[in-house]
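Participant: Dropping the structure in here first, questions after.
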Amino acid sequence: MRLTDLLKEIDYECLRGSADAEVSAVVYDSRKIVPDCLFICIEGAKFDGHDYAAEVVEKGAKVLIVSRAADAVAEKDVTIIKVKDTRYAMACISAAWFGHPAEKLKIVGITGTKGKTTTAYLVKSILENAGFRVGLIGTIETIIGDVHTHAENTTPESYLLQEDFARMVEAGLDTVVMEVSSQALKLHRTQGFIFDYGIFTNLEPDHIGPDEHESFEEYMACKGLLFRQCRVGIVNGDDAHTEKLVKGHSCELETYGMGADCMLRAENPELVHVPGELGVNFHVAGLMEFDAHVPAPGRFSVYNALCAIAICRHFQVHVPDIQRALREAKVKGRIERVKISDKFTLLIDYAHNAMALESLLSTLKEYRPGRLVCLFGCGGNRSRQRRYEMGEVSGNLADFTVITSDNPRFEEPQDIIEDIKTGIGKTKGKYVEICDRKEAIAYVISHAREGDLIVLAGKGHEDYQEIKGVKYPMDERVIIQELLDGGLEHI
């Protein structure tokens, strides 16, 4: 492909060579160089592609995209294109390389602290029920037709994202629902196209620290970038940060929520607790008018459903299709019920920080279980403060806590447990510690009482446990089935 065609959407300066050069591939990983390729020098947290400029030219790269001088290749026969930001350039170059596939799709981008994954699956379910062919890109996986690929990042690098779009077009899909992380917006992974719909769920302090965001203000500003890159913005009108987050938006805005001023509202929410189900009934008012039910607990489930309804309204989905899809949609690892007994309820959820755990346990307490039992651990090589906070949250909200292991990574599991115990020690909460997670799960099932509500928190959709750099298979659903097949007693 001709270089000038790849650079049409970018301001650039040709430092050496010719912008009319032909390139055989677009590459940003120095280990994947092919002859006559274009190599983009990306500056990352740990590696800088500029440092590999001479190496990739020796391997056969024909064009370098740089944001600063690459003196090491001054004497080489190579075209050097200088841009302000190589990540932004990569997004635009990738879009052009794959033939701008986003223009052939309706794209829904969902950002926010919580609810992105659940909302994405709800929207996919509703639209597919209505006859649309929908791809999904998110925290758990990328789905293209019948092909499910494990996700490395919530939002892929821009080249991979455009490649996914191209595959979706080739597979005959017409719509994409994707999660958009604040990091993706910060690092320009979603440049090179316009979202048809940009969605904001909610905002709470998260992802603040080294290699993420310097402050809550920066985190919020990055989330807000989505609303300068979409045609229609659909935002949570009840969130305290919405007005500031969308300041400077360039899109048409709609609001959803439970407040009287919201354009699409959920009214009269009613908790439903019957054997085998925790759910909510509510009435949809405003831009649409009908009754709805979601088989998932709490106000946040209503917000997720309402957000999905607000999106699907733009696709002219009929109300019965929406109602049916809301009842049937399931999301792996998000308040996921695993049926063991009608006498107690067991859920798997991804809550892996204090904020998420507090929201989850507070919601479950509203259903007045006989006991609320929380099993969780904390990840290694992460903030110790998170461990103290999660211990304190579970100690205050759960009737009984089982402290166990999560992904210890390069730390000793028992050291992590001791930190959690420091937090729970500030409360009057009852607990036991069982380091082996499988043993801990066996314990909560075998000691379950009638009316218990048990939540296995932290792993959610993950099907592995990371120990000293190795990911070992560990799916809680598989563990539960193995325990039951092995004759584990339960009430």
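Ordering of the structure tokens sets the chain letters (A, B, ...); residue numbers start at 1 within each chain; ligands are numbered from 1 in the order shown.
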Could you pull the residues within 7 Å of segment 444-452 of chain A, counting only C-alpha atoms, minus those fewer than 2 positions along the same chain, as a count of residues only?
Facilitator: 15
Participant: Which residues are near segment 285-290 of chain A? Cut-off 9 Å, only C-alpha atoms, ignore same chain within fewer than 6 positions. Put them as a list in words.
Facilitator: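 After dropping sequence-adjacent residues, the list is Cys262, Met263, Leu264, Arg265, Ala266, Glu267, Ile309, Ala310, Arg313, Val319 and Gln323 of chain A.
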Participant: Give me every strand (DSSP E or B) residue in segment 156-291 of chain A, going by DSSP on the backbone, as a PyMOL selection string.
Facilitator: chain A and resi 175-179+195-200+208+213+230-236+252-257+264-274+277-286+290-291
Participant: Output N, CA and C atoms for every residue in that selection, as a CSV table (one decimal), in the first residue's frame.
Facilitator:
chain,number,residue,atom,x,y,z
A,175,THR,N,-23.0,-4.6,13.3
A,175,THR,CA,-22.9,-3.8,14.5
A,175,THR,C,-21.8,-4.3,15.4
A,176,VAL,N,-21.2,-3.4,16.1
A,176,VAL,CA,-20.2,-3.7,17.1
A,176,VAL,C,-20.5,-3.0,18.4
A,177,VAL,N,-20.5,-3.8,19.5
A,177,VAL,CA,-20.7,-3.2,20.9
A,177,VAL,C,-19.3,-3.4,21.6
A,178,MET,N,-18.7,-2.3,22.0
A,178,MET,CA,-17.4,-2.5,22.6
A,178,MET,C,-17.2,-1.7,23.9
A,179,GLU,N,-16.5,-2.2,24.8
A,179,GLU,CA,-16.1,-1.5,26.0
A,179,GLU,C,-14.9,-0.6,25.7
A,195,PHE,N,-17.5,6.9,16.7
A,195,PHE,CA,-18.5,6.0,17.3
A,195,PHE,C,-19.9,6.6,16.9
A,196,ASP,N,-20.8,5.7,16.5
A,196,ASP,CA,-22.2,6.1,16.3
A,196,ASP,C,-22.8,6.5,17.6
A,197,TYR,N,-22.5,5.7,18.7
A,197,TYR,CA,-23.1,5.9,20.0
A,197,TYR,C,-22.0,5.8,21.0
A,198,GLY,N,-21.9,6.8,21.9
A,198,GLY,CA,-20.9,6.8,23.0
A,198,GLY,C,-21.7,6.8,24.3
A,199,ILE,N,-21.4,5.9,25.2
A,199,ILE,CA,-22.2,5.6,26.4
A,199,ILE,C,-21.4,5.8,27.6
A,200,PHE,N,-22.0,6.5,28.6
A,200,PHE,CA,-21.3,6.7,29.9
A,200,PHE,C,-22.2,6.0,31.0
A,208,ILE,N,-6.2,4.7,39.3
A,208,ILE,CA,-5.3,5.8,39.6
A,208,ILE,C,-4.1,5.3,40.3
A,213,HIS,N,-3.6,6.4,35.7
A,213,HIS,CA,-3.9,7.9,35.7
A,213,HIS,C,-3.3,8.6,36.9
A,230,CYS,N,-18.0,10.8,19.1
A,230,CYS,CA,-19.2,10.1,18.8
A,230,CYS,C,-20.3,11.0,18.3
A,231,ARG,N,-21.3,10.4,17.6
A,231,ARG,CA,-22.4,11.2,17.0
A,231,ARG,C,-23.5,11.4,18.0
A,232,VAL,N,-23.8,10.4,18.8
A,232,VAL,CA,-24.9,10.5,19.9
A,232,VAL,C,-24.3,10.0,21.2
A,233,GLY,N,-24.4,10.8,22.2
A,233,GLY,CA,-23.9,10.4,23.5
A,233,GLY,C,-25.1,10.0,24.4
A,234,ILE,N,-25.1,8.9,25.1
A,234,ILE,CA,-26.1,8.4,26.0
A,234,ILE,C,-25.5,8.3,27.4
A,235,VAL,N,-25.9,9.1,28.3
A,235,VAL,CA,-25.2,9.2,29.6
A,235,VAL,C,-26.1,9.1,30.8
A,236,ASN,N,-25.5,8.6,31.9
A,236,ASN,CA,-26.2,8.4,33.1
A,236,ASN,C,-26.5,9.8,33.7
A,252,GLU,N,-24.7,14.9,20.1
A,252,GLU,CA,-26.0,15.0,20.6
A,252,GLU,C,-26.1,14.2,21.9
A,253,LEU,N,-26.7,14.8,22.9
A,253,LEU,CA,-26.8,14.1,24.2
A,253,LEU,C,-28.2,13.6,24.6
A,254,GLU,N,-28.2,12.4,25.2
A,254,GLU,CA,-29.4,11.9,25.8
A,254,GLU,C,-29.1,11.4,27.2
A,255,THR,N,-30.1,11.5,28.1
A,255,THR,CA,-29.8,11.0,29.5
A,255,THR,C,-30.8,9.8,29.9
A,256,TYR,N,-30.3,8.9,30.7
A,256,TYR,CA,-31.1,7.9,31.3
A,256,TYR,C,-30.8,7.8,32.8
A,257,GLY,N,-31.7,7.2,33.5
A,257,GLY,CA,-31.5,7.1,35.0
A,257,GLY,C,-32.9,7.0,35.7
A,264,LEU,N,-34.9,9.1,29.6
A,264,LEU,CA,-35.4,7.7,29.7
A,264,LEU,C,-35.2,7.3,31.2
A,265,ARG,N,-36.4,6.9,31.8
A,265,ARG,CA,-36.3,6.6,33.3
A,265,ARG,C,-36.8,5.2,33.7
A,266,ALA,N,-36.2,4.8,34.8
A,266,ALA,CA,-36.7,3.6,35.4
A,266,ALA,C,-37.5,4.0,36.7
A,267,GLU,N,-38.8,3.6,36.7
A,267,GLU,CA,-39.6,4.0,37.9
A,267,GLU,C,-40.1,2.8,38.6
A,268,ASN,N,-40.4,3.0,39.9
A,268,ASN,CA,-41.0,2.0,40.8
A,268,ASN,C,-40.2,0.6,40.8
A,269,PRO,N,-38.9,0.7,41.0
A,269,PRO,CA,-38.2,-0.6,41.1
A,269,PRO,C,-38.7,-1.5,42.3
A,270,GLU,N,-38.8,-2.8,42.0
A,270,GLU,CA,-39.3,-3.7,43.0
A,270,GLU,C,-38.4,-4.9,43.0
A,271,LEU,N,-37.8,-5.2,44.2
A,271,LEU,CA,-36.9,-6.4,44.3
A,271,LEU,C,-37.7,-7.7,44.2
A,272,VAL,N,-37.1,-8.6,43.5
A,272,VAL,CA,-37.8,-9.9,43.3
A,272,VAL,C,-36.8,-11.0,43.9
A,273,HIS,N,-37.3,-11.8,44.9
A,273,HIS,CA,-36.5,-12.8,45.4
A,273,HIS,C,-37.4,-14.1,45.5
A,274,VAL,N,-37.2,-15.0,44.6
A,274,VAL,CA,-37.9,-16.2,44.5
A,274,VAL,C,-36.8,-17.3,44.4
A,277,GLU,N,-33.7,-17.2,42.0
A,277,GLU,CA,-33.5,-15.9,41.3
A,277,GLU,C,-33.5,-14.7,42.2
A,278,LEU,N,-32.6,-13.8,42.0
A,278,LEU,CA,-32.6,-12.5,42.6
A,278,LEU,C,-32.8,-11.5,41.4
A,279,GLY,N,-33.8,-10.7,41.4
A,279,GLY,CA,-34.1,-9.8,40.3
A,279,GLY,C,-34.7,-8.5,40.7
A,280,VAL,N,-35.1,-7.8,39.7
A,280,VAL,CA,-35.8,-6.5,39.9
A,280,VAL,C,-36.9,-6.3,38.8
A,281,ASN,N,-38.1,-5.9,39.2
A,281,ASN,CA,-39.1,-5.4,38.2
A,281,ASN,C,-39.0,-3.9,38.3
A,282,PHE,N,-39.3,-3.2,37.1
A,282,PHE,CA,-39.4,-1.8,37.1
A,282,PHE,C,-40.2,-1.3,35.8
A,283,HIS,N,-40.6,-0.1,35.9
A,283,HIS,CA,-41.3,0.5,34.7
A,283,HIS,C,-40.4,1.5,34.0
A,284,VAL,N,-40.4,1.4,32.7
A,284,VAL,CA,-39.6,2.3,31.8
A,284,VAL,C,-40.5,3.4,31.4
A,285,ALA,N,-40.1,4.6,31.6
A,285,ALA,CA,-40.9,5.8,31.2
A,285,ALA,C,-40.1,6.8,30.5
A,286,GLY,N,-40.7,7.8,29.9
A,286,GLY,CA,-40.0,8.9,29.2
A,286,GLY,C,-40.0,8.6,27.7
A,290,PHE,N,-42.9,1.0,29.1
A,290,PHE,CA,-43.2,-0.4,29.2
A,290,PHE,C,-42.7,-1.0,30.5
A,291,ASP,N,-43.1,-2.2,30.9
A,291,ASP,CA,-42.7,-2.8,32.1
A,291,ASP,C,-41.5,-3.7,31.8
Participant: Quick one: DSSP alpha helix (DSSP H) residues in segment 265-464 of chain A, as number ranges by chain?
Facilitator: A: 299-313, 319-328, 354-365, 384-397, 413-424, 437-446
Participant: Keeping only C-alpha atoms, write the selected residues as an mmCIF file, in the first residue's frame.
Facilitator:
data_model
loop_
_atom_site.group_PDB
_atom_site.id
_atom_site.type_symbol
_atom_site.label_atom_id
_atom_site.label_comp_id
_atom_site.auth_asym_id
_atom_site.auth_seq_id
_atom_site.Cartn_x
_atom_site.Cartn_y
_atom_site.Cartn_z
ATOM 1 C CA ARG A 299 -30.164 -0.794 41.436
ATOM 2 C CA PHE A 300 -27.031 -1.182 39.326
ATOM 3 C CA SER A 301 -28.763 -3.970 37.386
ATOM 4 C CA VAL A 302 -31.591 -1.544 36.655
ATOM 5 C CA TYR A 303 -29.094 1.076 35.457
ATOM 6 C CA ASN A 304 -27.352 -1.459 33.204
ATOM 7 C CA ALA A 305 -30.670 -2.569 31.724
ATOM 8 C CA LEU A 306 -31.911 0.985 31.278
ATOM 9 C CA CYS A 307 -28.682 1.948 29.522
ATOM 10 C CA ALA A 308 -29.070 -1.006 27.158
ATOM 11 C CA ILE A 309 -32.670 -0.006 26.457
ATOM 12 C CA ALA A 310 -31.590 3.567 25.692
ATOM 13 C CA ILE A 311 -29.090 2.268 23.138
ATOM 14 C CA CYS A 312 -31.414 -0.234 21.488
ATOM 15 C CA ARG A 313 -34.136 2.392 21.115
ATOM 16 C CA VAL A 319 -40.464 -3.707 23.085
ATOM 17 C CA PRO A 320 -41.199 -7.486 23.286
ATOM 18 C CA ASP A 321 -37.709 -8.191 21.900
ATOM 19 C CA ILE A 322 -36.182 -5.951 24.565
ATOM 20 C CA GLN A 323 -38.210 -7.532 27.362
ATOM 21 C CA ARG A 324 -37.348 -11.079 26.286
ATOM 22 C CA ALA A 325 -33.633 -10.344 25.888
ATOM 23 C CA LEU A 326 -33.393 -8.686 29.303
ATOM 24 C CA ARG A 327 -34.897 -11.784 30.913
ATOM 25 C CA GLU A 328 -32.563 -14.174 29.090
ATOM 26 C CA ALA A 354 -13.293 -2.291 47.770
ATOM 27 C CA MET A 355 -15.599 -0.067 45.748
ATOM 28 C CA ALA A 356 -17.002 -2.946 43.698
ATOM 29 C CA LEU A 357 -17.231 -5.282 46.693
ATOM 30 C CA GLU A 358 -19.079 -2.703 48.778
ATOM 31 C CA SER A 359 -21.562 -2.089 45.969
ATOM 32 C CA LEU A 360 -22.121 -5.816 45.490
ATOM 33 C CA LEU A 361 -22.541 -6.732 49.170
ATOM 34 C CA SER A 362 -24.748 -3.710 49.894
ATOM 35 C CA THR A 363 -26.998 -4.722 47.009
ATOM 36 C CA LEU A 364 -27.224 -8.347 48.138
ATOM 37 C CA LYS A 365 -28.063 -7.333 51.726
ATOM 38 C CA ARG A 384 -1.740 -3.332 49.913
ATOM 39 C CA GLN A 385 -4.287 -0.618 50.695
ATOM 40 C CA ARG A 386 -6.799 -2.472 48.516
ATOM 41 C CA ARG A 387 -6.429 -5.514 50.780
ATOM 42 C CA TYR A 388 -7.059 -3.551 53.959
ATOM 43 C CA GLU A 389 -10.091 -1.889 52.384
ATOM 44 C CA MET A 390 -11.620 -5.108 51.034
ATOM 45 C CA GLY A 391 -11.164 -6.815 54.381
ATOM 46 C CA GLU A 392 -12.905 -3.941 56.124
ATOM 47 C CA VAL A 393 -15.767 -3.859 53.608
ATOM 48 C CA SER A 394 -16.457 -7.586 53.911
ATOM 49 C CA GLY A 395 -16.131 -7.485 57.691
ATOM 50 C CA ASN A 396 -18.712 -4.704 57.890
ATOM 51 C CA LEU A 397 -21.222 -5.989 55.330
ATOM 52 C CA PRO A 413 -0.542 -15.982 49.373
ATOM 53 C CA GLN A 414 -0.366 -16.008 53.151
ATOM 54 C CA ASP A 415 1.230 -12.537 53.188
ATOM 55 C CA ILE A 416 -1.733 -11.213 51.199
ATOM 56 C CA ILE A 417 -4.163 -12.898 53.585
ATOM 57 C CA GLU A 418 -2.442 -11.266 56.560
ATOM 58 C CA ASP A 419 -3.032 -7.838 54.969
ATOM 59 C CA ILE A 420 -6.722 -8.656 54.436
ATOM 60 C CA LYS A 421 -6.955 -9.716 58.076
ATOM 61 C CA THR A 422 -5.570 -6.319 59.087
ATOM 62 C CA GLY A 423 -8.596 -4.715 57.432
ATOM 63 C CA ILE A 424 -11.194 -7.158 58.691
ATOM 64 C CA ARG A 437 -9.223 -21.401 46.933
ATOM 65 C CA LYS A 438 -10.659 -24.788 45.975
ATOM 66 C CA GLU A 439 -10.722 -25.822 49.627
ATOM 67 C CA ALA A 440 -12.331 -22.489 50.494
ATOM 68 C CA ILE A 441 -15.086 -23.039 47.924
ATOM 69 C CA ALA A 442 -15.661 -26.559 49.246
ATOM 70 C CA TYR A 443 -15.965 -25.091 52.738
ATOM 71 C CA VAL A 444 -18.655 -22.510 51.894
ATOM 72 C CA ILE A 445 -20.740 -25.072 49.992
ATOM 73 C CA SER A 446 -20.498 -27.803 52.616
#
Participant: Closest to Ala69 of chain A among A:Leu105, A:Ile81, A:Leu127, A:Ala221, using only C-alpha atoms?
Facilitator: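 The answer is A:Ile81, which sits nearest to Ala69 of chain A.
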Participant: Just checking: using only C-alpha atoms, which residue out of A:Ile467, A:Ile65, A:Ala296, A:Val56 ends up closest to Leu7 of chain A?
Facilitator: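 The shortest atom-to-atom distance to Leu7 of chain A comes from A:Ile65.
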